[in-house]
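Enquirer: My questions all concern the structure below.
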Amino acid sequence: MGKKIKKEVEPPPKDVFDTLSIESKKAATVVLMLNSPEEEVLAKACDAIYKFASKGDENKVTLLNLGAVEPLFKLISHEDPIVRKNATMAFGIMASNSDVKKLLRELDVTNSLIARLVPEEDVIIHEFASLCLARMAVEYTSKVQIFEQGGLEPLIRLLSSPDPDVKKNSVECIYHLVQEFNDLHVEALAVVANCLEDVDTMQLIQQTGGLKKLLSFAETSAIPDIQKNAAKAISKAAYDSENRKILHEQEVEKCLINLLGTDNDGLKTAVSQAISAMCENLASKDAFGIQGIPQLVQLLSSDNEEVKEAAAMALANLTTANPSNASSVAEAEGIEPLINVLSAKRDGAVANAAIVLTNMATQEPLRLSIQSHSIMNAIVEPLQSTNSQVQSKAVLTVAAFGCDADARTELRNAGGLEPLVKLLHSRNEEVRRNACWAAMVCASDELTAVELCRLGALDILEEINLSMGRRNHFSERALDKLLDNNLSQKYSQMGYLSFSNIITDSFYDYGQVKPGVKLLSLEELSTQELNDRRAVILVNIKPPEVAVTVEEKLQDLVYGRAINLSPSSSFRKSSKEKTSTVVSPVDEKQESSGRPSSLSKGSTREKGSRKGKGKKEEEKPKEEEEFQIAPKIQEEVTLEKLPWLPPFDFILLDYINDASKTILPLATTKEQVVALAQFVAGNMGGPIEKDKLHDFSWELHISEIKFEQKCNVIPIGKIKKGTFYHRALLFKVIADRIGIGCTLVRGEYTRAWNEVKLVDDSPQGITGLLLPPQVYVVDLMYQPGCLMKQGSAEADHYKLI
């Protein structure tokens, strides 16, 4: 076993006392203890002085007379944290006495107190050091000391302290620092701006009268930077709803409106931003309207881009959900400046101007007034912006104004549809949704819908609607609207036209197209070389208004036909003018080609020669003059490029007129349907026996028409041997014109059929019973006029066999 070692404990030094508890009931004794070298004694002495001073002002005077202030001042910087904390508490509580404060100024204690505000110190030290500074800051000299020794920065930092007393003392100190001390106002107001963000602090400042002084000071100060910081303080405070109520009660609106009239751009910007923030309060929004809006409108024309942006933002907030303010903008002649801002350099200005115009568009008179300033031309540039906020607001503007046909035409002619379609691709959800909304509105007419489809909107919307993440209500509605106003595309792609899809002029059946395949325009199809594809069937009874040819115009000018001209002094003047003559086609061949009839050269010359035989010799030079000036006339005549127009279908027009006279007067819808079916079949080859359908040589007939027309597009009226899809189309066309509701459905191969809704007769013996309508398929081929109930074997057989 190891040897045990015995340790000897050394006795304590002979010159060291054991722990000694000292108690004293005399203040003088405790003050003497403040000079002790022992930390425990110091801590207890400071704590005792704090409690003694807390009991009243007389005790503070007693401690002052006993000389407690000087040693306490030294102890607030002691290395021991407990001593430092207790000394700061005692120091802070004594500073409420005016005689004590006088001595504190003489001792220059502010630097040591400011040093106690660092984040590493205990929150109790923060509380009483800031309390002492707040009490000293009442005096001018102390304000200077606190400011020069860097007191503002730590006081601002303490505004975020979790302790409410620390916040209160810091705010109070900062508030005292700004009282009519001009050198501090600019900096102090920046501090106040932070203070006002806190609701409790705002209430405290209001209760002490500080808020009213701040507003008054902002209006009366001659220093723009001071006014600017005051406006920024209001702006920051106004982001809280409770603060907005307090500011409104103090009539902050009057102050801000007055500040708008200054000449300083920085101040105008800050005030406009403050107005924007206050607009969240409905009462404030109304208060700004009458006097503030005219001044803000003037700022839209400022050379300073920041001012322009801030003014636009204020107007955007003022007019949102406020028709009265929107009207005030128009009354202040703000429409033209707003449209000019759409081409501003700052994205914020452009976006906010678009918002104001959109807000104004909710009122029809204002919308029409804005449209007269070419809003759709102006919005094209913002649509091409790379900024998502500008894009989003620009497409909303398009949606707001696109409800008007003239506006859609303007947008289309200005090239605005292409950037709109591109924005459907946006990865930004808000931009994409708003672009779908705008596309839905713009697709309200056939011309715009067709152009949107040509630009690829249909494919993009179909792709969006296949995605659960990107699909939205507007994308679905936009797709429906696009197809409903481009029935040629819809029928080719979807193979279905509903009861509400009314076929109009220039509709054409191209046949089924695969998804993603762009449907060529009617003009493009008409100018293609003859091919062996199925013919494109055209519906058009709109009379063409076309200009006469150059040759005909020259003939009319030379011989004075139609326009009653003769070779005279007025002749040359008239020949220079652009004129056009509406010519009605006179025969089937001319109407199918879409070209007007014209007199041949032979007939013209024959007329001239007959006229010449009866003339006297002296009249011949004049006649020769007519022919001599003809080449000159041709040089002077300028004709605009004639637009392509679809051929006019006289036969279809006759069909519709006949149906209106003979079918429309029938008593019931069922009778009308049956009669129309028989009418269509009768004009397209009559009934066909099922087992002889293959002998019905409709393909050859169609090919002959194409060859005769020298075109792949043929008018439906030309077809005298029509199969299922020809007859179904003609039935739908006439039914739509005379008011019979029906669908058009494409089946496989050459199949197509119509569905109608009819109400069956009441069961025998029952009268007055209202039955729901039933859907029937109309037979146009085998037994024209036979109605087959949807879903029946007979109807299914008709669709397939």
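Each chain in the structure tokens gets a letter, A, B, ..., in the order shown, and its residues are numbered from 1; ligands are numbered from 1 in order too.
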Taking the DSSP assignment computed from this structure's backbone, write out as JSON, numbers by chain all residues of stretch 354-448 of chain A that belong to alpha helix (DSSP H).

Expert: {"A": [354, 355, 356, 357, 358, 359, 360, 364, 365, 366, 367, 368, 369, 370, 371, 375, 376, 377, 378, 379, 380, 381, 382, 383, 388, 389, 390, 391, 392, 393, 394, 395, 396, 397, 398, 399, 400, 401, 405, 406, 407, 408, 409, 410, 411, 412, 413, 417, 418, 419, 420, 421, 422, 423, 429, 430, 431, 432, 433, 434, 435, 436, 437, 438, 439, 440, 441, 442, 446, 447, 448]}

Enquirer: Excluding same-chain residues fewer than 4 positions from A:Lys44, what lies within 10 Å of it counting only C-alpha atoms, as a VMD selection string?

Expert: chain A and resid 22 to 23 30 33 to 34 39 to 40 48 to 50 82 to 83 86 to 87

Enquirer: I'd like the contact shell of stretch 92-102 of chain A - 6 Å cut-off, only C-alpha atoms, skipping same-chain residues fewer than 2 positions apart - returned as a list in words.

Expert: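 Contacts, in chain order: Lys60, Thr88, Met89, Ala90, Leu104, Arg105, Phe128 and Cys132 of chain A.
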
Enquirer: I'd like the contact shell of A:Glu249 - 12 Å cut-off, only C-alpha atoms, skipping same-chain residues fewer than 4 positions apart - returned as a list of chain:residue names.

Expert: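 Here the qualifying residues turn out to be A:Gln206, A:Leu211, A:Lys212, A:Glu242, A:Asn243, A:Arg244, A:Lys245, A:Glu253, A:Lys254, A:Asn281, A:Ala283, A:Ser284, A:Ala287.
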
Enquirer: Name the residues in contact with stretch 536-541 of chain A at a cut-off of 7 Å, using only C-alpha atoms, excluding same-chain residues fewer than 4 positions from it; report them as a PyMOL selection string.

Expert: chain A and resi 505-510+648-650+652-653+712-716

Enquirer: Tell me which protein, DNA and RNA residues are within 10 Å of A:Lys706, counting only C-alpha atoms, leaving out same-chain ones fewer than 2 positions away, and put them as a list in words.

Expert: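 Result of the neighbour search: Leu530, Asn531, Asp532, Arg534, Ala535, Val536, Leu700, His701, Ile702, Ser703, Glu704, Glu708, Gln709, Lys710, Cys711, Asn712, Val713, Ile714 and Pro715 of chain A.
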
Enquirer: Which distance in Å separates atom CA of A:Arg470 and atom CA of A:Leu424, to one decimal?

Expert: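 Atom CA of A:Leu424 lies at a distance of 10.4 Å from atom CA of A:Arg470.
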
Enquirer: Using Å and a single decimal, report how far atom CA of A:Val271 sits from atom CA of A:Glu219.

Expert: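 Those two atoms sit 11.6 Å apart.
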
Enquirer: Find the residues near A:Gln295: any atom within 12 Å, counting only C-alpha atoms, skip ones fewer than 2 places away on the same chain, and give them as a ChimeraX atom specification.

Expert: /A:256-262,268,271-272,288-293,297-302,307-308,311-312,314-315,328-329,332-334

Enquirer: Write the selection just made, keeping C-alpha atoms, as a PDB file, in the first residue's frame?

Expert:
ATOM      1  CA  LEU A 256     -48.221  68.153 -45.860  1.00  0.00           C
ATOM      2  CA  ILE A 257     -50.331  70.041 -48.408  1.00  0.00           C
ATOM      3  CA  ASN A 258     -48.646  73.299 -47.382  1.00  0.00           C
ATOM      4  CA  LEU A 259     -45.206  71.696 -47.726  1.00  0.00           C
ATOM      5  CA  LEU A 260     -45.994  70.613 -51.318  1.00  0.00           C
ATOM      6  CA  GLY A 261     -45.740  74.229 -52.396  1.00  0.00           C
ATOM      7  CA  THR A 262     -42.017  74.553 -51.593  1.00  0.00           C
ATOM      8  CA  LYS A 268     -41.383  67.577 -52.500  1.00  0.00           C
ATOM      9  CA  VAL A 271     -43.882  65.048 -48.706  1.00  0.00           C
ATOM     10  CA  SER A 272     -45.312  63.039 -51.604  1.00  0.00           C
ATOM     11  CA  PHE A 288     -55.875  65.287 -49.527  1.00  0.00           C
ATOM     12  CA  GLY A 289     -58.203  65.189 -52.527  1.00  0.00           C
ATOM     13  CA  ILE A 290     -59.390  68.741 -53.108  1.00  0.00           C
ATOM     14  CA  GLN A 291     -56.189  70.708 -52.466  1.00  0.00           C
ATOM     15  CA  GLY A 292     -53.463  68.083 -52.696  1.00  0.00           C
ATOM     16  CA  ILE A 293     -54.241  66.472 -56.041  1.00  0.00           C
ATOM     17  CA  VAL A 297     -50.485  66.690 -60.807  1.00  0.00           C
ATOM     18  CA  GLN A 298     -48.181  69.669 -61.348  1.00  0.00           C
ATOM     19  CA  LEU A 299     -45.274  67.640 -59.950  1.00  0.00           C
ATOM     20  CA  LEU A 300     -45.777  65.025 -62.699  1.00  0.00           C
ATOM     21  CA  SER A 301     -44.188  67.508 -65.112  1.00  0.00           C
ATOM     22  CA  SER A 302     -41.143  68.074 -62.894  1.00  0.00           C
ATOM     23  CA  VAL A 307     -40.199  64.010 -57.696  1.00  0.00           C
ATOM     24  CA  LYS A 308     -42.137  62.666 -60.672  1.00  0.00           C
ATOM     25  CA  ALA A 311     -45.994  62.305 -57.098  1.00  0.00           C
ATOM     26  CA  ALA A 312     -47.198  59.418 -59.282  1.00  0.00           C
ATOM     27  CA  ALA A 314     -49.103  59.503 -54.176  1.00  0.00           C
ATOM     28  CA  LEU A 315     -51.724  59.851 -56.922  1.00  0.00           C
ATOM     29  CA  SER A 328     -60.213  65.260 -59.275  1.00  0.00           C
ATOM     30  CA  VAL A 329     -57.148  64.115 -61.217  1.00  0.00           C
ATOM     31  CA  ALA A 332     -56.767  69.023 -62.529  1.00  0.00           C
ATOM     32  CA  GLU A 333     -55.885  68.216 -66.175  1.00  0.00           C
ATOM     33  CA  GLY A 334     -53.797  65.250 -65.110  1.00  0.00           C
TER      34      GLY A 334
END
